[in-house]
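K.L.:
Dumping the structure here so I can ask a few things about it.
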Amino acid sequence: MAASPDVLRLSAGALRAEVVPERGGRVTGFWVETPGGPIDLIAPIAPAAVDSDGGGRGGCYALAPFSNRIADAHFMWRGRAIRLRPHPGAAPHALHGLAWARPFEVVTDSPRVVRLRHDHAGDDAWPFALRLIQEIRLNETGLTLALTVENRDRVVQPVGLGFHPFFPRRSDARLTFAAGAMWAEPAGRIPRQLGPIPPDLDFAAGRTPPVGLDHLYEDVKGRRAAIVWPGAGLSLSLVASAGLGRAVVFSPSEGDLFCWEPVSHPIDAIRLPGAPGLFRVAPGRARRATLRLKLAYL
């Protein structure tokens, strides 16, 4: 039996968080201590339940150097044909880049700040060399996640960024955010049609995410969302940094959880005209993104 991965623990006021460097630097728990006991703000996952390919639903992980799927795991980049290894959970497509499935080195481990690093030389998951840096910072009001991708290759490479948090559904959970359009989700999981948001999938006034939803929203207003759990007397505001102007809402039928995933680019952006939302990062340069999760009491 494989040994359980090491867990780093953060604490600030009534807030607690746990991070597992070996499993993609995933935040496996984020909760608030109350007189009635702990209340989860992110759906928890046991560290051992995160497999070597990054799978396992729960916690929060970084998305880099792309999010969601690359169709059939291949694309053209500046005249070069790139073929990636399909992800076992999404074959024949590639899925979510490599940050979520790689072990990270601990650079800083303190009660409120964890800094992690992973150096990637290039392989069949991503052919370009890069460095990934994650910083997880906790204070008395919330959790801040920062992700940096440095191009350590000799050529310009495409880089997409994002975060993939899972939240407890609970029966009264309400998600609120406004967006300008939505990509339809066809068979094969690679959307190609951008259109208006149907009324029953519009979250501008707040609603519980319907089970089975898995759609990407364009032009998220203010790059922000809010989650309210009235029964627990808590709300969580989510604010993403510039460049993360899209969001996937994922609400699987298995498990009492849902996701609001701020991302930089559409699904399969590398194969869309102009590769929208992907950053062209020159050698020696970097791109950074953040997500702030701030707690409030109702």
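We name chains A, B, ... following the order of the structure tokens; residues begin at 1 in each chain, and ligands are numbered from 1 as shown.
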Could you produce a table of the residues of stretch 149-169 of chain A lying within 10 Å of stretch 239-256 of chain A, with the nearest pair of atoms per residue and their separation in Å rounded to one decimal, using only C-alpha atoms, ordered by chain and increasing residue number, as a Markdown table?
P.N.:
```
| residue | atom | partner | partner_atom | distance |
| --- | --- | --- | --- | --- |
| A:Gly160 | CA | A:Leu244 | CA | 9.4 |
| A:Leu161 | CA | A:Leu244 | CA | 7.5 |
| A:Gly162 | CA | A:Leu244 | CA | 6.9 |
| A:Phe163 | CA | A:Ala240 | CA | 9.1 |
| A:His164 | CA | A:Val248 | CA | 8.9 |
| A:Phe166 | CA | A:Phe250 | CA | 8.8 |
| A:Phe167 | CA | A:Asp256 | CA | 8.5 |
| A:Pro168 | CA | A:Asp256 | CA | 6.1 |
| A:Arg169 | CA | A:Asp256 | CA | 5.1 |
```
K.L.:
Would you mind exporting C-alpha atoms of the selected residues as a PDB file, in the first residue's frame?
P.N.:
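Once everything was written out, this is again13.pdb:
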```pdb
ATOM      1  CA  GLY A 160      -3.777  29.067 -20.218  1.00  0.00           C
ATOM      2  CA  LEU A 161      -4.515  29.462 -16.509  1.00  0.00           C
ATOM      3  CA  GLY A 162      -7.338  28.748 -14.104  1.00  0.00           C
ATOM      4  CA  PHE A 163      -8.528  27.250 -10.835  1.00  0.00           C
ATOM      5  CA  HIS A 164     -10.842  24.304 -10.200  1.00  0.00           C
ATOM      6  CA  PHE A 166     -15.276  22.158  -5.654  1.00  0.00           C
ATOM      7  CA  PHE A 167     -17.916  23.554  -3.291  1.00  0.00           C
ATOM      8  CA  PRO A 168     -20.409  21.780  -1.005  1.00  0.00           C
ATOM      9  CA  ARG A 169     -23.824  21.726  -2.634  1.00  0.00           C
TER      10      ARG A 169
END
```
K.L.:
From a backbone DSSP assignment, name each residue in stretch 51-202 of chain A labelled strand (DSSP E or B), as a ChimeraX atom specification.
P.N.:
/A:60-64,69-70,74-77,80-83,94-95,97,105-109,113-120,123,126,130-139,142-151,157-159,162-168,174-176,181-183,194-195
K.L.:
Could you make a table, as CSV, of the residues of stretch 1-54 of chain A that have an atom within 12 Å of an atom of stretch 73-94 of chain A, each with its nearest atom pair and distance in Å to one decimal, counting only C-alpha atoms, in chain and number order?
P.N.:
```
residue,atom,partner,partner_atom,distance
A:Asp51,CA,A:Gly89,CA,11.3
A:Ser52,CA,A:Pro88,CA,10.9
A:Asp53,CA,A:His87,CA,7.7
A:Gly54,CA,A:Gly89,CA,9.8
```
K.L.:
Please tabulate, as JSON lines, the residues of stretch 253-275 of chain A that come within 10 Å of stretch 198-209 of chain A, each with its closest pair of atoms and the distance in Å to one decimal, counting only C-alpha atoms and ordering rows by chain, then residue number upward.
P.N.:
```
{"residue": "A:Leu257", "atom": "CA", "partner": "A:Pro209", "partner_atom": "CA", "distance": 9.4}
{"residue": "A:Phe258", "atom": "CA", "partner": "A:Pro209", "partner_atom": "CA", "distance": 7.2}
{"residue": "A:Cys259", "atom": "CA", "partner": "A:Pro209", "partner_atom": "CA", "distance": 9.0}
{"residue": "A:Trp260", "atom": "CA", "partner": "A:Pro209", "partner_atom": "CA", "distance": 9.8}
```
K.L.:
Which residue, A:Arg224, A:His215, A:Arg189, A:Arg102, has the smallest gap to A:Asp268 when you use only C-alpha atoms?
P.N.:
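Using only C-alpha atoms, A:Asp268 sits closest to A:Arg189.
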K.L.:
Skipping near chain neighbours, those fewer than 2 positions away, what residues fall within 8 Å of A:Arg285 using only C-alpha atoms, listed as a list in words?
P.N.:
Glu150, Asn151, Val281, Ala282, Pro283 and Arg287 of chain A
K.L.:
How many Å separate atom CA of A:Arg174 from atom CA of A:Thr144?
P.N.:
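Separating atom CA of A:Arg174 from atom CA of A:Thr144 is a distance of 21.6 Å.
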K.L.:
Which polymer residues have any atom within 10 Å of an atom of A:Glu140, counting only C-alpha atoms, with same-chain residues fewer than 5 positions away left out, as a PyMOL selection string?
P.N.:
chain A and resi 11-16+32+112+294-295
K.L.:
Could you take the residues named above and write them with C-alpha atoms, as a PDB file, in the first residue's frame?
P.N.:
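Contents of again_36.pdb, as written:
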```
ATOM      1  CA  SER A  11      -4.475  28.298  10.281  1.00  0.00           C
ATOM      2  CA  ALA A  12      -5.659  31.911  10.669  1.00  0.00           C
ATOM      3  CA  GLY A  13      -8.314  32.913  13.185  1.00  0.00           C
ATOM      4  CA  ALA A  14     -11.249  30.526  12.742  1.00  0.00           C
ATOM      5  CA  LEU A  15     -10.161  29.439   9.256  1.00  0.00           C
ATOM      6  CA  ARG A  16      -8.209  26.290   8.392  1.00  0.00           C
ATOM      7  CA  VAL A  32     -14.240  27.498   9.290  1.00  0.00           C
ATOM      8  CA  ARG A 112      -0.370  31.058   6.874  1.00  0.00           C
ATOM      9  CA  LYS A 294     -13.487  35.556   1.098  1.00  0.00           C
ATOM     10  CA  LEU A 295     -15.791  34.386   3.894  1.00  0.00           C
TER      11      LEU A 295
END
```
K.L.:
If I take atom CA of A:Ala178 and atom CA of A:Val220, how far is one from the other in Å, to one decimal?
P.N.:
5.8 Å
K.L.:
Report as a PDB file with N, CA and C atoms, in the first residue's frame all protein, DNA and RNA residues lying within 9 Å of A:Ile39, evaluated on only C-alpha atoms, omitting residues in the same chain fewer than 6 positions from it.
P.N.:
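Output file part-v2.pdb is given in full below:
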```pdb
ATOM      1  N   PHE A  30     -10.704  23.299   3.158  1.00  0.00           N
ATOM      2  CA  PHE A  30     -10.778  24.705   3.563  1.00  0.00           C
ATOM      3  C   PHE A  30     -12.075  24.853   4.332  1.00  0.00           C
ATOM      4  N   TRP A  31     -11.977  25.202   5.616  1.00  0.00           N
ATOM      5  CA  TRP A  31     -13.172  25.223   6.453  1.00  0.00           C
ATOM      6  C   TRP A  31     -13.051  26.288   7.537  1.00  0.00           C
ATOM      7  N   VAL A  32     -14.200  26.547   8.181  1.00  0.00           N
ATOM      8  CA  VAL A  32     -14.240  27.498   9.290  1.00  0.00           C
ATOM      9  C   VAL A  32     -14.672  26.754  10.544  1.00  0.00           C
ATOM     10  N   GLU A  33     -13.962  27.019  11.620  1.00  0.00           N
ATOM     11  CA  GLU A  33     -14.338  26.465  12.924  1.00  0.00           C
ATOM     12  C   GLU A  33     -15.432  27.331  13.532  1.00  0.00           C
ATOM     13  N   ALA A 232     -26.315  27.484   6.850  1.00  0.00           N
ATOM     14  CA  ALA A 232     -25.076  27.546   7.621  1.00  0.00           C
ATOM     15  C   ALA A 232     -24.745  28.969   8.054  1.00  0.00           C
TER      16      ALA A 232
END
```
K.L.:
Please return, as a ChimeraX atom specification, all residues of stretch 40-173 of chain A that DSSP assigns to helix (DSSP H, G or I) on the basis of the backbone.
P.N.:
/A:47-49,71-73,99-101
K.L.:
When you look at A:Ala121 with a cut-off of 10 Å (counting only C-alpha atoms), what residues show up, excluding the ones that are within fewer than 4 positions of it in the same chain? I need them as a count of residues only.
P.N.:
8
K.L.:
Just the residues within 9 Å of A:Leu116, please, counting only C-alpha atoms, with nothing from its chain fewer than 6 positions along; format it as a list in words.
P.N.:
Pro21, Gly25, Phe104, Glu105, Val106, Val107, Thr108, Asp109, Leu132, Ile133, Gln134, Glu135 and Ile136 of chain A
K.L.:
In Å, rounded to a single decimal, give me how far atom CA of A:Val114 is from atom CA of A:Val20.
P.N.:
10.3 Å
